[in-house]
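K.L.:
Input file: final_3.txt. Contents: compact mmCIF, N, CA and C atoms and all ligand atoms.
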# COMPACT_ATOMS: atom_id res chain seq x y z
N MET F 1 0.85 -1.20 0.00
CA MET F 1 0.00 0.00 0.00
C MET F 1 0.88 1.25 0.00
N LYS F 2 0.47 2.24 -0.76
CA LYS F 2 1.28 3.45 -0.88
C LYS F 2 0.91 4.47 0.20
N CYS F 3 1.86 5.32 0.49
CA CYS F 3 1.68 6.34 1.53
C CYS F 3 0.46 7.22 1.26
N LYS F 4 0.31 7.67 0.01
CA LYS F 4 -0.78 8.62 -0.26
C LYS F 4 -2.16 7.99 -0.05
N LYS F 5 -2.26 6.67 -0.05
CA LYS F 5 -3.53 6.02 0.28
C LYS F 5 -3.72 5.91 1.78
N VAL F 6 -2.62 5.81 2.52
CA VAL F 6 -2.69 5.57 3.96
C VAL F 6 -2.85 6.89 4.74
N ILE F 7 -2.17 7.91 4.26
CA ILE F 7 -2.13 9.16 5.03
C ILE F 7 -3.52 9.68 5.43
N PRO F 8 -4.51 9.69 4.53
CA PRO F 8 -5.82 10.18 4.96
C PRO F 8 -6.46 9.34 6.07
N TRP F 9 -6.02 8.10 6.26
CA TRP F 9 -6.64 7.22 7.27
C TRP F 9 -5.89 7.23 8.59
N ILE F 10 -4.71 7.82 8.63
CA ILE F 10 -3.89 7.72 9.84
C ILE F 10 -4.60 8.33 11.05
N LYS F 11 -5.17 9.49 10.87
CA LYS F 11 -5.85 10.15 11.99
C LYS F 11 -7.02 9.30 12.48
N ALA F 12 -7.81 8.81 11.54
CA ALA F 12 -8.94 7.95 11.93
C ALA F 12 -8.44 6.66 12.59
N TRP F 13 -7.32 6.15 12.13
CA TRP F 13 -6.74 4.94 12.74
C TRP F 13 -6.33 5.22 14.19
N LEU F 14 -5.71 6.39 14.41
CA LEU F 14 -5.31 6.75 15.77
C LEU F 14 -6.53 6.91 16.69
N ASP F 15 -7.62 7.37 16.12
CA ASP F 15 -8.84 7.59 16.92
C ASP F 15 -9.74 6.35 16.96
N ASP F 16 -9.27 5.21 16.45
CA ASP F 16 -10.05 3.95 16.45
C ASP F 16 -11.37 4.10 15.71
N GLU F 17 -11.34 4.82 14.61
CA GLU F 17 -12.56 5.05 13.84
C GLU F 17 -12.62 4.21 12.58
N LEU F 18 -11.63 3.35 12.32
CA LEU F 18 -11.61 2.53 11.10
C LEU F 18 -12.17 1.14 11.39
N ASP F 19 -12.70 0.53 10.32
CA ASP F 19 -13.11 -0.87 10.48
C ASP F 19 -11.86 -1.73 10.67
N PRO F 20 -11.99 -2.88 11.28
CA PRO F 20 -10.80 -3.69 11.63
C PRO F 20 -9.93 -4.04 10.44
N ALA F 21 -10.49 -4.30 9.28
CA ALA F 21 -9.68 -4.67 8.12
C ALA F 21 -8.81 -3.50 7.67
N ARG F 22 -9.42 -2.31 7.59
CA ARG F 22 -8.66 -1.14 7.16
C ARG F 22 -7.64 -0.74 8.24
N ALA F 23 -8.04 -0.83 9.47
CA ALA F 23 -7.11 -0.52 10.57
C ALA F 23 -5.88 -1.41 10.50
N ALA F 24 -6.08 -2.68 10.15
CA ALA F 24 -4.93 -3.61 10.05
C ALA F 24 -4.01 -3.19 8.90
N LEU F 25 -4.62 -2.74 7.77
CA LEU F 25 -3.79 -2.27 6.65
C LEU F 25 -2.96 -1.06 7.05
N VAL F 26 -3.61 -0.12 7.69
CA VAL F 26 -2.91 1.11 8.09
C VAL F 26 -1.82 0.78 9.09
N GLU F 27 -2.14 -0.07 10.05
CA GLU F 27 -1.14 -0.43 11.08
C GLU F 27 0.07 -1.11 10.44
N ARG F 28 -0.17 -2.01 9.52
CA ARG F 28 0.93 -2.70 8.85
C ARG F 28 1.81 -1.69 8.10
N HIS F 29 1.16 -0.73 7.39
CA HIS F 29 1.94 0.25 6.63
C HIS F 29 2.72 1.17 7.57
N VAL F 30 2.06 1.67 8.59
CA VAL F 30 2.71 2.60 9.52
C VAL F 30 3.89 1.92 10.22
N THR F 31 3.75 0.65 10.51
CA THR F 31 4.84 -0.09 11.17
C THR F 31 6.06 -0.22 10.25
N SER F 32 5.79 -0.36 8.95
CA SER F 32 6.91 -0.59 8.02
C SER F 32 7.41 0.69 7.35
N CYS F 33 6.68 1.81 7.43
CA CYS F 33 7.05 3.05 6.72
C CYS F 33 7.47 4.13 7.73
N PRO F 34 8.74 4.53 7.71
CA PRO F 34 9.20 5.55 8.67
C PRO F 34 8.49 6.90 8.51
N ALA F 35 8.21 7.30 7.27
CA ALA F 35 7.56 8.60 7.05
C ALA F 35 6.15 8.61 7.65
N CYS F 36 5.37 7.56 7.39
CA CYS F 36 4.01 7.51 7.93
C CYS F 36 4.04 7.30 9.45
N ARG F 37 5.05 6.58 9.95
CA ARG F 37 5.17 6.42 11.40
C ARG F 37 5.42 7.77 12.05
N ALA F 38 6.29 8.59 11.43
CA ALA F 38 6.56 9.92 11.97
C ALA F 38 5.30 10.79 11.92
N LEU F 39 4.56 10.67 10.81
CA LEU F 39 3.30 11.44 10.70
C LEU F 39 2.30 11.00 11.76
N ALA F 40 2.21 9.69 11.99
CA ALA F 40 1.30 9.19 13.02
C ALA F 40 1.72 9.69 14.40
N ALA F 41 3.03 9.76 14.63
CA ALA F 41 3.50 10.27 15.91
C ALA F 41 3.13 11.75 16.08
N ASP F 42 3.27 12.52 14.98
CA ASP F 42 2.88 13.94 15.04
C ASP F 42 1.39 14.09 15.31
N PHE F 43 0.58 13.29 14.59
CA PHE F 43 -0.87 13.33 14.83
C PHE F 43 -1.18 12.97 16.28
N GLY F 44 -0.47 12.00 16.80
CA GLY F 44 -0.69 11.58 18.18
C GLY F 44 -0.38 12.70 19.15
N GLU F 45 0.72 13.44 18.91
CA GLU F 45 1.07 14.54 19.80
C GLU F 45 0.03 15.65 19.74
N VAL F 46 -0.43 15.92 18.52
CA VAL F 46 -1.45 16.98 18.38
C VAL F 46 -2.74 16.56 19.08
N SER F 47 -3.13 15.31 18.91
CA SER F 47 -4.36 14.83 19.56
C SER F 47 -4.23 14.91 21.07
N LEU F 48 -3.07 14.55 21.56
CA LEU F 48 -2.84 14.60 23.01
C LEU F 48 -2.92 16.04 23.51
N ALA F 49 -2.31 16.95 22.76
CA ALA F 49 -2.33 18.36 23.16
C ALA F 49 -3.74 18.91 23.15
N VAL F 50 -4.51 18.55 22.13
CA VAL F 50 -5.90 19.04 22.05
C VAL F 50 -6.72 18.47 23.20
N ARG F 51 -6.55 17.20 23.50
CA ARG F 51 -7.31 16.60 24.60
C ARG F 51 -6.94 17.23 25.93
N SER F 52 -5.65 17.50 26.14
CA SER F 52 -5.25 18.09 27.42
C SER F 52 -5.75 19.53 27.54
N PHE F 53 -5.79 20.23 26.40
CA PHE F 53 -6.30 21.61 26.42
C PHE F 53 -7.80 21.61 26.72
N ALA F 54 -8.52 20.71 26.06
CA ALA F 54 -9.97 20.65 26.25
C ALA F 54 -10.33 20.19 27.64
N ALA F 55 -9.46 19.39 28.28
CA ALA F 55 -9.77 18.87 29.60
C ALA F 55 -9.48 19.90 30.69
N GLY F 56 -8.71 20.92 30.38
CA GLY F 56 -8.33 21.91 31.39
C GLY F 56 -9.51 22.80 31.76
N PRO F 57 -9.36 23.48 32.89
CA PRO F 57 -10.46 24.36 33.31
C PRO F 57 -10.56 25.58 32.40
N VAL F 58 -11.77 25.95 32.11
CA VAL F 58 -12.01 27.12 31.27
C VAL F 58 -12.17 28.31 32.20
N PRO F 59 -11.35 29.34 32.03
CA PRO F 59 -11.48 30.49 32.93
C PRO F 59 -12.83 31.18 32.77
N ALA F 60 -13.36 31.63 33.89
CA ALA F 60 -14.65 32.32 33.87
C ALA F 60 -14.48 33.68 33.21
N LEU F 61 -15.46 34.07 32.46
CA LEU F 61 -15.42 35.36 31.77
C LEU F 61 -15.90 36.43 32.73
N ASP F 62 -15.07 37.40 32.99
CA ASP F 62 -15.43 38.51 33.88
C ASP F 62 -16.02 39.62 33.02
N VAL F 63 -17.34 39.59 32.90
CA VAL F 63 -18.03 40.53 32.02
C VAL F 63 -17.80 41.98 32.47
N GLY F 64 -17.81 42.19 33.76
CA GLY F 64 -17.61 43.54 34.28
C GLY F 64 -16.26 44.10 33.89
N ARG F 65 -15.24 43.25 33.96
CA ARG F 65 -13.90 43.72 33.59
C ARG F 65 -13.82 43.99 32.08
N VAL F 66 -14.45 43.14 31.30
CA VAL F 66 -14.45 43.35 29.84
C VAL F 66 -15.14 44.67 29.51
N LEU F 67 -16.28 44.94 30.15
CA LEU F 67 -16.99 46.19 29.89
C LEU F 67 -16.17 47.39 30.34
N GLU F 68 -15.50 47.27 31.49
CA GLU F 68 -14.68 48.39 31.97
C GLU F 68 -13.53 48.67 31.00
N CYS F 69 -12.90 47.62 30.48
CA CYS F 69 -11.84 47.81 29.49
C CYS F 69 -12.38 48.50 28.24
N SER F 70 -13.57 48.08 27.82
CA SER F 70 -14.18 48.69 26.64
C SER F 70 -14.46 50.17 26.87
N ARG F 71 -15.02 50.49 28.04
CA ARG F 71 -15.30 51.91 28.34
C ARG F 71 -14.02 52.73 28.40
N GLN F 72 -12.98 52.13 28.99
CA GLN F 72 -11.70 52.84 29.08
C GLN F 72 -11.15 53.14 27.69
N ARG F 73 -11.27 52.18 26.79
CA ARG F 73 -10.80 52.41 25.42
C ARG F 73 -11.62 53.51 24.75
N GLU F 74 -12.94 53.50 25.00
CA GLU F 74 -13.78 54.55 24.41
C GLU F 74 -13.36 55.92 24.92
N ARG F 75 -13.09 56.01 26.24
CA ARG F 75 -12.65 57.31 26.80
C ARG F 75 -11.33 57.75 26.19
N GLU F 76 -10.40 56.82 26.03
CA GLU F 76 -9.11 57.17 25.42
C GLU F 76 -9.29 57.63 23.97
N SER F 77 -10.17 56.95 23.24
CA SER F 77 -10.43 57.34 21.86
C SER F 77 -11.05 58.73 21.80
N ALA F 78 -12.01 59.00 22.69
CA ALA F 78 -12.65 60.31 22.70
C ALA F 78 -11.63 61.39 23.04
N ARG F 79 -10.71 61.10 23.96
CA ARG F 79 -9.68 62.07 24.32
C ARG F 79 -8.78 62.37 23.12
N ILE F 80 -8.42 61.34 22.39
CA ILE F 80 -7.56 61.53 21.22
C ILE F 80 -8.29 62.36 20.16
N VAL F 81 -9.57 62.06 19.94
CA VAL F 81 -10.34 62.81 18.93
C VAL F 81 -10.44 64.27 19.34
N THR F 82 -10.69 64.54 20.63
CA THR F 82 -10.78 65.92 21.11
C THR F 82 -9.45 66.64 20.89
N SER F 83 -8.34 65.97 21.19
CA SER F 83 -7.02 66.59 20.98
C SER F 83 -6.79 66.90 19.51
N LEU F 84 -7.16 65.97 18.65
CA LEU F 84 -6.97 66.19 17.21
C LEU F 84 -7.84 67.35 16.72
N ARG F 85 -9.05 67.46 17.24
CA ARG F 85 -9.91 68.59 16.84
C ARG F 85 -9.29 69.92 17.27
N ARG F 86 -8.73 69.96 18.49
CA ARG F 86 -8.11 71.21 18.96
C ARG F 86 -6.91 71.57 18.08
N ILE F 87 -6.12 70.56 17.75
CA ILE F 87 -4.95 70.82 16.90
C ILE F 87 -5.39 71.32 15.53
N ALA F 88 -6.44 70.70 14.97
CA ALA F 88 -6.93 71.12 13.66
C ALA F 88 -7.47 72.55 13.72
N ALA F 89 -8.19 72.89 14.81
CA ALA F 89 -8.72 74.25 14.94
C ALA F 89 -7.57 75.26 15.06
N ALA F 90 -6.54 74.92 15.84
CA ALA F 90 -5.40 75.83 15.99
C ALA F 90 -4.69 76.00 14.65
N ALA F 91 -4.54 74.92 13.91
CA ALA F 91 -3.88 75.01 12.60
C ALA F 91 -4.71 75.87 11.65
N ALA F 92 -6.03 75.74 11.71
CA ALA F 92 -6.89 76.55 10.84
C ALA F 92 -6.75 78.04 11.19
N VAL F 93 -6.71 78.35 12.48
CA VAL F 93 -6.56 79.75 12.90
C VAL F 93 -5.22 80.29 12.44
N ILE F 94 -4.16 79.51 12.62
CA ILE F 94 -2.82 79.96 12.21
C ILE F 94 -2.78 80.20 10.71
N LEU F 95 -3.36 79.28 9.95
CA LEU F 95 -3.39 79.46 8.49
C LEU F 95 -4.17 80.70 8.08
N PHE F 96 -5.31 80.92 8.74
CA PHE F 96 -6.13 82.08 8.42
C PHE F 96 -5.38 83.37 8.72
N VAL F 97 -4.80 83.45 9.92
CA VAL F 97 -4.10 84.67 10.33
C VAL F 97 -2.90 84.93 9.41
N SER F 98 -2.13 83.89 9.13
CA SER F 98 -0.97 84.10 8.26
C SER F 98 -1.40 84.44 6.83
N GLY F 99 -2.53 83.88 6.40
CA GLY F 99 -3.05 84.21 5.08
C GLY F 99 -3.49 85.65 5.00
N VAL F 100 -4.17 86.12 6.02
CA VAL F 100 -4.60 87.51 6.05
C VAL F 100 -3.37 88.42 6.09
N GLY F 101 -2.39 88.06 6.90
CA GLY F 101 -1.16 88.87 6.98
C GLY F 101 -0.45 88.93 5.65
N ALA F 102 -0.35 87.80 4.97
CA ALA F 102 0.32 87.77 3.66
C ALA F 102 -0.45 88.60 2.65
N TRP F 103 -1.78 88.49 2.70
CA TRP F 103 -2.58 89.27 1.77
C TRP F 103 -2.41 90.76 2.04
N ARG F 104 -2.42 91.18 3.32
CA ARG F 104 -2.26 92.60 3.64
C ARG F 104 -0.89 93.11 3.20
N GLN F 105 0.12 92.26 3.41
CA GLN F 105 1.47 92.68 3.00
C GLN F 105 1.53 92.85 1.48
N TRP F 106 0.93 91.91 0.76
CA TRP F 106 0.91 92.04 -0.70
C TRP F 106 0.16 93.28 -1.12
N PHE F 107 -0.98 93.54 -0.43
CA PHE F 107 -1.81 94.68 -0.78
C PHE F 107 -1.05 95.98 -0.53
N ASP F 108 -0.31 96.06 0.60
CA ASP F 108 0.43 97.28 0.93
C ASP F 108 1.65 97.48 0.04
N ASP F 109 2.29 96.40 -0.39
CA ASP F 109 3.54 96.50 -1.15
C ASP F 109 3.34 96.60 -2.65
N ARG F 110 2.13 96.40 -3.13
CA ARG F 110 1.95 96.38 -4.58
C ARG F 110 2.19 97.79 -5.14
N PRO F 111 2.69 97.88 -6.32
CA PRO F 111 2.99 99.20 -6.89
C PRO F 111 1.72 99.96 -7.22
N SER F 112 1.76 101.25 -7.01
CA SER F 112 0.60 102.07 -7.35
C SER F 112 0.59 102.31 -8.86
N ALA F 113 -0.47 102.87 -9.35
CA ALA F 113 -0.60 103.13 -10.79
C ALA F 113 0.45 104.13 -11.25
N ASP F 114 0.75 105.14 -10.42
CA ASP F 114 1.78 106.13 -10.79
C ASP F 114 3.15 105.49 -10.89
N ASP F 115 3.43 104.56 -9.92
CA ASP F 115 4.73 103.87 -9.96
C ASP F 115 4.85 103.05 -11.24
N THR F 116 3.74 102.42 -11.65
CA THR F 116 3.78 101.59 -12.86
C THR F 116 4.10 102.43 -14.08
N VAL F 117 3.44 103.57 -14.20
CA VAL F 117 3.69 104.45 -15.35
C VAL F 117 5.11 104.99 -15.31
N ALA F 118 5.58 105.37 -14.10
CA ALA F 118 6.94 105.91 -13.98
C ALA F 118 7.96 104.86 -14.37
N SER F 119 7.70 103.61 -14.01
CA SER F 119 8.68 102.57 -14.34
C SER F 119 8.68 102.27 -15.84
N LEU F 120 7.63 102.65 -16.52
CA LEU F 120 7.58 102.43 -17.97
C LEU F 120 8.17 103.60 -18.76
N ASP F 121 8.53 104.66 -18.10
CA ASP F 121 9.04 105.85 -18.81
C ASP F 121 10.22 105.55 -19.72
N PRO F 122 11.27 104.87 -19.27
CA PRO F 122 12.38 104.59 -20.19
C PRO F 122 11.94 103.78 -21.40
N VAL F 123 11.01 102.85 -21.21
CA VAL F 123 10.53 102.03 -22.32
C VAL F 123 9.78 102.91 -23.31
N LEU F 124 8.91 103.74 -22.78
CA LEU F 124 8.13 104.62 -23.66
C LEU F 124 9.05 105.60 -24.39
N ASP F 125 10.03 106.11 -23.68
CA ASP F 125 10.99 107.02 -24.32
C ASP F 125 11.69 106.33 -25.49
N PHE F 126 12.10 105.07 -25.23
CA PHE F 126 12.80 104.34 -26.29
C PHE F 126 11.89 104.09 -27.48
N LEU F 127 10.64 103.68 -27.20
CA LEU F 127 9.72 103.33 -28.29
C LEU F 127 9.37 104.56 -29.14
N PHE F 128 9.21 105.66 -28.49
CA PHE F 128 8.79 106.85 -29.24
C PHE F 128 9.94 107.81 -29.54
N SER F 129 11.13 107.34 -29.40
CA SER F 129 12.28 108.20 -29.73
C SER F 129 12.50 108.18 -31.25
N ASP F 130 13.37 108.97 -31.67
CA ASP F 130 13.62 109.07 -33.12
C ASP F 130 15.09 108.78 -33.38
N PRO F 131 15.46 107.54 -33.35
CA PRO F 131 16.89 107.22 -33.45
C PRO F 131 17.47 107.52 -34.81
N ILE F 132 16.69 107.48 -35.87
CA ILE F 132 17.27 107.74 -37.19
C ILE F 132 17.05 109.16 -37.66
N GLY F 133 16.46 109.98 -36.81
CA GLY F 133 16.28 111.38 -37.18
C GLY F 133 15.19 111.55 -38.22
N ALA F 134 14.12 110.79 -38.14
CA ALA F 134 13.05 110.87 -39.12
C ALA F 134 12.36 112.23 -39.06
N ASP F 135 12.41 112.89 -37.92
CA ASP F 135 11.77 114.19 -37.83
C ASP F 135 12.46 115.22 -38.73
N GLU F 136 13.73 114.96 -39.03
CA GLU F 136 14.49 115.94 -39.82
C GLU F 136 14.22 115.81 -41.31
N ILE F 137 13.59 114.70 -41.72
CA ILE F 137 13.37 114.46 -43.15
C ILE F 137 12.22 115.32 -43.64
ZN ZN R 201 4.04 5.55 4.24
What is this structure when it is put down as structure tokens?

P.N.:
Amino acid sequence: MKCKKVIPWIKAWLDDELDPARAALVERHVTSCPACRALAADFGEVSLAVRSFAAGPVPALDVGRVLECSRQRERESARIVTSLRRIAAAAAVILFVSGVGAWRQWFDDRPSADDTVASLDPVLDFLFSDPIGADEI
């Protein structure tokens, strides 16, 4: 019998869930095959661990403590949200104030209409000058 036929039955064999004929086949193979014997040993350890875990006492659930932990987490979350809102409000105020300040500075520093015309004087002089003496013709 090949390993791949036996492997699905090993767990059932360990749990005495196979009919006697099949159990004898599995036992014969596991006895002669080191790989399947090792697998059966692993299954046995897992079964033993599960049985010992299930047989142990189950701790009582302290509902009051669970609820208190939940409320404490809610309070911490609310505190964090409140802090974040304050930080966001402060940032908004700072942005608004600095924006107003920047706008006022731009408004105060912008050139007046007279300054603009005065700064164009050399350009206008050049454009309307008479470099070739056309007025003399
Ligand atoms: Zn095998």

K.L.:
Between F:Leu25, F:Ala60, F:Leu84, F:Leu18, which has the minimum distance to Met1 of chain F (counting only C-alpha atoms)?

P.N.:
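Distance minimum relative to Met1 of chain F lands on F:Leu25.
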
K.L.:
What are the closest atom pairs, with distances in Å to one decimal, for each residue of chain F lying within 7 Å of ligand ZN 201 (chain R), using only N, CA and C atoms and all ligand atoms, rows by chain and rising residue number, as a Markdown table?

P.N.:
| residue | atom | partner | partner_atom | distance |
| --- | --- | --- | --- | --- |
| F:Met1 | C | R:ZN201 | ZN | 6.8 |
| F:Lys2 | C | R:ZN201 | ZN | 5.2 |
| F:Cys3 | CA | R:ZN201 | ZN | 3.7 |
| F:Lys4 | N | R:ZN201 | ZN | 6.0 |
| F:Val6 | CA | R:ZN201 | ZN | 6.7 |
| F:Ile7 | N | R:ZN201 | ZN | 6.6 |
| F:His29 | C | R:ZN201 | ZN | 5.7 |
| F:Val30 | N | R:ZN201 | ZN | 6.2 |
| F:Ser32 | C | R:ZN201 | ZN | 6.7 |
| F:Cys33 | CA | R:ZN201 | ZN | 4.6 |
| F:Pro34 | N | R:ZN201 | ZN | 5.9 |
| F:Ala35 | C | R:ZN201 | ZN | 5.0 |
| F:Cys36 | N | R:ZN201 | ZN | 4.0 |
| F:Arg37 | N | R:ZN201 | ZN | 5.9 |

K.L.:
Can you list, as a list in words, every protein, DNA or RNA residue that comes within 7 Å of segment 10-15 of chain F when you count all atoms listed in the file, leaving out same-chain residues fewer than 6 positions away?

P.N.:
Ala23, Val26, Ala40 and Phe43 of chain F

K.L.:
Go through chain F and collect every residue that DSSP, computed from the backbone, puts in helix (DSSP H, G or I); the answer should be as a ChimeraX atom specification.

P.N.:
/F:3-14,20-32,34-55,63-109,113-119,121-127,134-136

K.L.:
Around all the atoms of segment 69-78 of chain F listed in the file, draw an axis-aligned box and extend it by 5 Å on each of the six sides; I want its centre and edge lengths in Å to one decimal, as AutoDock Vina command-line options.

P.N.:
--center_x -12.2 --center_y 54.5 --center_z 26.1 --size_x 16.2 --size_y 23.8 --size_z 18.7

K.L.:
Give me, please, the distance in Å between atom N of Ala38 of chain F and atom N of Lys5 of chain F, quoted to one decimal.

P.N.:
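Pair atom N of Ala38 of chain F / atom N of Lys5 of chain F returns 14.4 Å.
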
K.L.:
Rounded to one decimal, what separation in Å do you get between atom CA of Asp16 of chain F and atom CA of Gly44 of chain F?

P.N.:
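Value for the atom CA of Asp16 of chain F-atom CA of Gly44 of chain F distance: 12.2 Å.
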
K.L.:
Could you tell me how far atom CA of Arg104 of chain F lies from atom CA of Ala92 of chain F, in Å and to one decimal?

P.N.:
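Atom-to-atom, atom CA of Arg104 of chain F and atom CA of Ala92 of chain F are spaced 18.2 Å apart.
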